[in-house]
Amino acid sequence: MPRTITVKGIGKVSAKPDYVVLSMSLESKDANYDRAMELASQHIQHLTETICAVGFEKSDLKTTRFNVSTDYRNLEDIHGNYRRKFDKYVISQNLKLEFDFDMEKLSQALSAISGCLSHPELSVAFTVKDATAINEEMLRSATANAKRKAELLCEASGVELGQLLTIDYNWGELDVFSHTKYCISDDCVCEDVPLSARSIDIEPDDIDVSDTATFVWEIK
């Protein structure tokens with residue numbers, strides 16, 4: 001059985017955010033299914049018209065989740081027993097609007113959406129447009145880190161590093177979002193007066209990505 005050395009390589013990459021993901025959620029409720037769907041359609045129409053008014057295309061607004069569920073309420077009878085009774089249909093929609101990082105454009109979008117009749121819940125995240133490049137750089141970093149460790153261990157042990165035998169890597173999805181939180185209170189998007197379109201020049205924190213891979217080399 002050949003002698004081997006197993007090393008875990010740690011890859012680390014930092015990148016400046018260059019992309020904005022504006023996430024929105026809408027909810028429509030009515031005891032009548034057709035009416036609930038009509039309200040949901042109206043919400044989407046209002047939101048689409050709102051973003052198009054500030055320079056976006058209708059196709060820029062993407063639906064990430066569409067869910068239809070039912071709400072029930074518990075009713076107590078004269079004997080103290082409870083039974084569930086249908087209350088209403090609930091149409092939930094999650095949408096996103098993505099664009100290159102530009103604080104003025106972000107401020108204009110938020111200002112417009114805050115005055116939208118649909119009153120969506122909002123969240124803002126900063127990321128990178130090309131996540132593949134980040135992942136590739138991280139893998140190169142992990143490989144170099146593992147090989148450096150293996151060479152040092154072999155040198156200290158008085159042996160020679162041989163051929164690479166196996167690589168074990170979990171191809172999971174990386175979290176390529178900045179930790180910078182751009183928060184907007186729900187009260188701000190429900191007021192009759194929209195947010196100001198004035199932009200604030202902020203610099204989102206760099207995105208720090210790390211992952212590991214396990215390498216096995218032969219020891220000569």
# chains A, B, ... in the order shown; residues from 1 in each chain; ligands from 1
>>> select_by_dssp(residues="segment 28-194 of chain A", states="strand (DSSP E)", output="PyMOL selection string")
chain A and resi 28-30+61-76+82-100+121-127+161-168
>>> select_by_dssp(residues="segment 3-219 of chain A", states="helix (DSSP H, G or I)", output="ChimeraX atom specification")
/A:33-52,58-60,103-114,131-157,186-189
>>> residues_around(residues="Lys58 of chain A", least_positions_apart="3", cutoff="12 Å", atoms="only C-alpha atoms", output="list in words")
Ile44, Gln45, His46, Leu47, Thr48, Glu49, Thr50, Ile51, Cys52, Ala53, Val54, Gly55, Leu61, Lys62, Thr63, Lys96 and Leu97 of chain A
>>> write_last_selection(atoms="all heavy atoms", output="tab-separated table (two decimals), in the first residue's frame")
chain	number	residue	atom	x	y	z
A	44	ILE	N	-48.73	43.06	-9.61
A	44	ILE	CA	-47.63	42.90	-10.55
A	44	ILE	C	-47.65	44.01	-11.61
A	44	ILE	O	-46.61	44.57	-11.97
A	44	ILE	CB	-47.69	41.52	-11.24
A	44	ILE	CG1	-47.30	40.42	-10.24
A	44	ILE	CG2	-46.76	41.47	-12.44
A	44	ILE	CD1	-45.86	40.47	-9.81
A	45	GLN	N	-48.83	44.32	-12.10
A	45	GLN	CA	-48.96	45.36	-13.11
A	45	GLN	C	-48.48	46.71	-12.57
A	45	GLN	O	-47.73	47.44	-13.23
A	45	GLN	CB	-50.41	45.48	-13.57
A	45	GLN	CG	-50.62	46.53	-14.67
A	45	GLN	CD	-52.07	46.62	-15.11
A	45	GLN	OE1	-52.88	45.77	-14.76
A	45	GLN	NE2	-52.39	47.64	-15.89
A	46	HIS	N	-48.90	47.06	-11.35
A	46	HIS	CA	-48.48	48.32	-10.74
A	46	HIS	C	-46.97	48.36	-10.57
A	46	HIS	O	-46.31	49.38	-10.85
A	46	HIS	CB	-49.16	48.52	-9.38
A	46	HIS	CG	-50.62	48.74	-9.48
A	46	HIS	ND1	-51.49	48.39	-8.46
A	46	HIS	CD2	-51.40	49.27	-10.45
A	46	HIS	CE1	-52.73	48.70	-8.81
A	46	HIS	NE2	-52.69	49.24	-10.02
A	47	LEU	N	-46.40	47.24	-10.09
A	47	LEU	CA	-44.96	47.19	-9.85
A	47	LEU	C	-44.19	47.29	-11.16
A	47	LEU	O	-43.17	47.99	-11.24
A	47	LEU	CB	-44.61	45.91	-9.12
A	47	LEU	CG	-43.16	45.75	-8.63
A	47	LEU	CD1	-42.75	46.92	-7.76
A	47	LEU	CD2	-42.98	44.44	-7.88
A	48	THR	N	-44.66	46.61	-12.19
A	48	THR	CA	-44.01	46.65	-13.49
A	48	THR	C	-44.03	48.06	-14.07
A	48	THR	O	-43.02	48.56	-14.58
A	48	THR	CB	-44.69	45.67	-14.47
A	48	THR	OG1	-44.63	44.35	-13.94
A	48	THR	CG2	-43.99	45.70	-15.82
A	49	GLU	N	-45.18	48.71	-14.00
A	49	GLU	CA	-45.29	50.08	-14.50
A	49	GLU	C	-44.37	51.02	-13.73
A	49	GLU	O	-43.78	51.94	-14.31
A	49	GLU	CB	-46.73	50.56	-14.39
A	49	GLU	CG	-47.69	49.83	-15.34
A	49	GLU	CD	-49.14	50.19	-15.09
A	49	GLU	OE1	-49.42	50.87	-14.07
A	49	GLU	OE2	-50.00	49.80	-15.90
A	50	THR	N	-44.23	50.76	-12.43
A	50	THR	CA	-43.39	51.61	-11.59
A	50	THR	C	-41.92	51.53	-11.99
A	50	THR	O	-41.24	52.54	-12.13
A	50	THR	CB	-43.55	51.22	-10.11
A	50	THR	OG1	-44.90	51.46	-9.70
A	50	THR	CG2	-42.61	52.03	-9.23
A	51	ILE	N	-41.40	50.30	-12.17
A	51	ILE	CA	-39.97	50.17	-12.50
A	51	ILE	C	-39.70	50.62	-13.94
A	51	ILE	O	-38.61	51.15	-14.22
A	51	ILE	CB	-39.46	48.74	-12.26
A	51	ILE	CG1	-40.13	47.75	-13.22
A	51	ILE	CG2	-39.66	48.32	-10.81
A	51	ILE	CD1	-39.42	46.42	-13.29
A	52	CYS	N	-40.68	50.42	-14.83
A	52	CYS	CA	-40.48	50.87	-16.21
A	52	CYS	C	-40.42	52.39	-16.28
A	52	CYS	O	-39.75	52.96	-17.16
A	52	CYS	CB	-41.61	50.35	-17.10
A	52	CYS	SG	-41.52	48.57	-17.44
A	53	ALA	N	-41.09	53.07	-15.36
A	53	ALA	CA	-41.11	54.52	-15.34
A	53	ALA	C	-39.75	55.11	-14.98
A	53	ALA	O	-39.48	56.28	-15.26
A	53	ALA	CB	-42.17	55.03	-14.36
A	54	VAL	N	-38.87	54.31	-14.37
A	54	VAL	CA	-37.53	54.82	-14.00
A	54	VAL	C	-36.44	54.14	-14.84
A	54	VAL	O	-35.28	54.09	-14.42
A	54	VAL	CB	-37.25	54.64	-12.49
A	54	VAL	CG1	-38.08	55.61	-11.68
A	54	VAL	CG2	-37.50	53.20	-12.05
A	55	GLY	N	-36.81	53.63	-16.01
A	55	GLY	CA	-35.79	53.18	-16.95
A	55	GLY	C	-35.56	51.69	-17.08
A	55	GLY	O	-34.74	51.26	-17.89
A	61	LEU	N	-37.87	42.47	-14.35
A	61	LEU	CA	-38.53	42.03	-13.12
A	61	LEU	C	-38.78	40.52	-13.21
A	61	LEU	O	-39.59	40.07	-14.02
A	61	LEU	CB	-39.83	42.79	-12.92
A	61	LEU	CG	-40.57	42.57	-11.60
A	61	LEU	CD1	-39.74	43.06	-10.43
A	61	LEU	CD2	-41.92	43.28	-11.62
A	62	LYS	N	-38.08	39.75	-12.40
A	62	LYS	CA	-38.17	38.29	-12.44
A	62	LYS	C	-38.94	37.75	-11.23
A	62	LYS	O	-38.74	38.21	-10.10
A	62	LYS	CB	-36.77	37.67	-12.45
A	62	LYS	CG	-35.84	38.20	-13.52
A	62	LYS	CD	-36.31	37.84	-14.92
A	62	LYS	CE	-35.29	38.27	-15.97
A	62	LYS	NZ	-35.74	37.98	-17.34
A	63	THR	N	-39.80	36.77	-11.48
A	63	THR	CA	-40.52	36.09	-10.40
A	63	THR	C	-39.68	34.92	-9.91
A	63	THR	O	-39.29	34.06	-10.70
A	63	THR	CB	-41.88	35.57	-10.89
A	63	THR	OG1	-42.68	36.68	-11.33
A	63	THR	CG2	-42.62	34.85	-9.77
A	96	LYS	N	-37.52	39.71	-8.07
A	96	LYS	CA	-36.22	40.37	-7.92
A	96	LYS	C	-35.94	41.25	-9.12
A	96	LYS	O	-36.40	41.00	-10.24
A	96	LYS	CB	-35.10	39.34	-7.75
A	96	LYS	CG	-34.81	38.49	-8.96
A	96	LYS	CD	-33.64	37.54	-8.70
A	96	LYS	CE	-33.35	36.68	-9.93
A	96	LYS	NZ	-32.20	35.77	-9.71
A	97	LEU	N	-35.15	42.28	-8.85
A	97	LEU	CA	-34.71	43.22	-9.87
A	97	LEU	C	-33.20	43.35	-9.71
A	97	LEU	O	-32.73	43.76	-8.64
A	97	LEU	CB	-35.41	44.57	-9.67
A	97	LEU	CG	-35.14	45.66	-10.70
A	97	LEU	CD1	-35.69	45.26	-12.06
A	97	LEU	CD2	-35.76	46.98	-10.25
>>> closest_atom_pairs(of="segment 56-154 of chain A", to="segment 167-170 of chain A", cutoff="12 Å", atoms="only C-alpha atoms", output="CSV")
residue,atom,partner,partner_atom,distance
A:Leu139,CA,A:Tyr169,CA,9.5
A:Ala142,CA,A:Tyr169,CA,10.3
A:Thr143,CA,A:Ile167,CA,9.5
A:Ala146,CA,A:Ile167,CA,10.6
A:Lys147,CA,A:Ile167,CA,11.6
>>> residues_around(residues="segment 14-25 of chain A", least_positions_apart="4", cutoff="6 Å", atoms="only C-alpha atoms", output="JSON, numbers by chain")
{"A": [93, 94, 95, 96, 97, 98, 99, 100, 101, 120, 121, 122, 123, 124, 125, 126, 127, 128, 129, 206, 207, 208]}
>>> atom_distance(atom1="atom CA of Asp71 of chain A", atom2="atom CA of Gly115 of chain A")
28.6 Å
>>> atom_distance(atom1="atom CA of Val90 of chain A", atom2="atom CA of Ile113 of chain A")
22.1 Å
>>> closest_residue(among="A:Asp211, A:Ser59, A:Gly80, A:Tyr72", to="Arg140 of chain A", atoms="only C-alpha atoms")
A:Asp211
>>> residues_around(residues="Leu161 of chain A", least_positions_apart="2", cutoff="10 Å", atoms="only C-alpha atoms", output="VMD selection string")
chain A and resid 4 to 5 147 150 to 155 158 to 159 163 to 164 217 to 220
>>> write_last_selection(atoms="N, CA, C and O atoms", output="compact mmCIF listing (two decimals), in the first residue's frame")
# COMPACT_ATOMS: atom_id res chain seq x y z
N THR A 4 0.85 7.83 1.73
CA THR A 4 0.16 9.02 1.22
C THR A 4 0.15 10.13 2.27
O THR A 4 0.37 9.88 3.47
N ILE A 5 -0.14 11.32 1.82
CA ILE A 5 -0.34 12.46 2.70
C ILE A 5 -1.63 13.15 2.28
O ILE A 5 -1.87 13.39 1.09
N LYS A 147 -1.18 22.43 -1.70
CA LYS A 147 0.12 21.97 -2.19
C LYS A 147 1.25 22.56 -1.36
O LYS A 147 2.24 21.87 -1.05
N ALA A 150 1.40 20.60 1.83
CA ALA A 150 1.93 19.26 1.61
C ALA A 150 3.45 19.29 1.42
O ALA A 150 4.18 18.45 1.96
N GLU A 151 3.94 20.26 0.66
CA GLU A 151 5.38 20.38 0.44
C GLU A 151 6.13 20.69 1.72
O GLU A 151 7.20 20.13 1.99
N LEU A 152 5.56 21.56 2.54
CA LEU A 152 6.19 21.90 3.82
C LEU A 152 6.23 20.70 4.75
O LEU A 152 7.24 20.45 5.44
N LEU A 153 5.14 19.95 4.80
CA LEU A 153 5.10 18.77 5.67
C LEU A 153 6.09 17.71 5.22
O LEU A 153 6.77 17.07 6.05
N CYS A 154 6.18 17.50 3.92
CA CYS A 154 7.14 16.52 3.40
C CYS A 154 8.57 16.96 3.64
O CYS A 154 9.45 16.15 4.01
N GLU A 155 8.82 18.25 3.43
CA GLU A 155 10.17 18.78 3.67
C GLU A 155 10.57 18.62 5.13
O GLU A 155 11.70 18.19 5.44
N GLY A 158 11.39 15.01 5.85
CA GLY A 158 12.49 14.40 5.15
C GLY A 158 12.07 13.45 4.05
O GLY A 158 12.79 12.50 3.73
N VAL A 159 10.89 13.67 3.48
CA VAL A 159 10.41 12.82 2.38
C VAL A 159 10.10 13.70 1.18
O VAL A 159 10.10 14.93 1.27
N GLN A 163 3.05 12.01 -6.74
CA GLN A 163 1.94 12.38 -7.62
C GLN A 163 0.66 12.63 -6.82
O GLN A 163 0.44 12.02 -5.78
N LEU A 164 -0.15 13.52 -7.36
CA LEU A 164 -1.47 13.78 -6.78
C LEU A 164 -2.38 12.61 -7.11
O LEU A 164 -2.54 12.24 -8.28
N TRP A 217 -1.84 13.15 -1.80
CA TRP A 217 -0.64 12.92 -2.62
C TRP A 217 0.07 11.64 -2.21
O TRP A 217 -0.01 11.20 -1.05
N GLU A 218 0.79 11.11 -3.14
CA GLU A 218 1.67 9.98 -2.86
C GLU A 218 2.96 10.51 -2.24
O GLU A 218 3.42 11.62 -2.58
N ILE A 219 3.51 9.78 -1.30
CA ILE A 219 4.82 10.11 -0.73
C ILE A 219 5.85 9.16 -1.37
O ILE A 219 5.73 7.94 -1.28
N LYS A 220 6.84 9.75 -2.02
CA LYS A 220 7.87 8.92 -2.68
C LYS A 220 8.73 8.21 -1.64
O LYS A 220 9.03 8.78 -0.59
>>> atom_distance(atom1="atom CA of Thr166 of chain A", atom2="atom CA of Thr212 of chain A")
14.3 Å
>>> residues_around(residues="Val68 of chain A", least_positions_apart="3", cutoff="10 Å", atoms="only C-alpha atoms", output="list of chain:residue names")
A:Glu27, A:Ser28, A:Lys29, A:Tyr33, A:Ala36, A:Met37, A:Tyr89, A:Val90, A:Ile91, A:Ser92, A:Gln93
>>> closest_residue(among="A:Ser118, A:Val216, A:Ile202, A:Gly11", to="Ser41 of chain A", atoms="only C-alpha atoms")
A:Ser118
>>> residues_around(residues="Val209 of chain A", least_positions_apart="6", cutoff="9 Å", atoms="only C-alpha atoms", output="PyMOL selection string")
chain A and resi 11-15+134-135+138+174-177
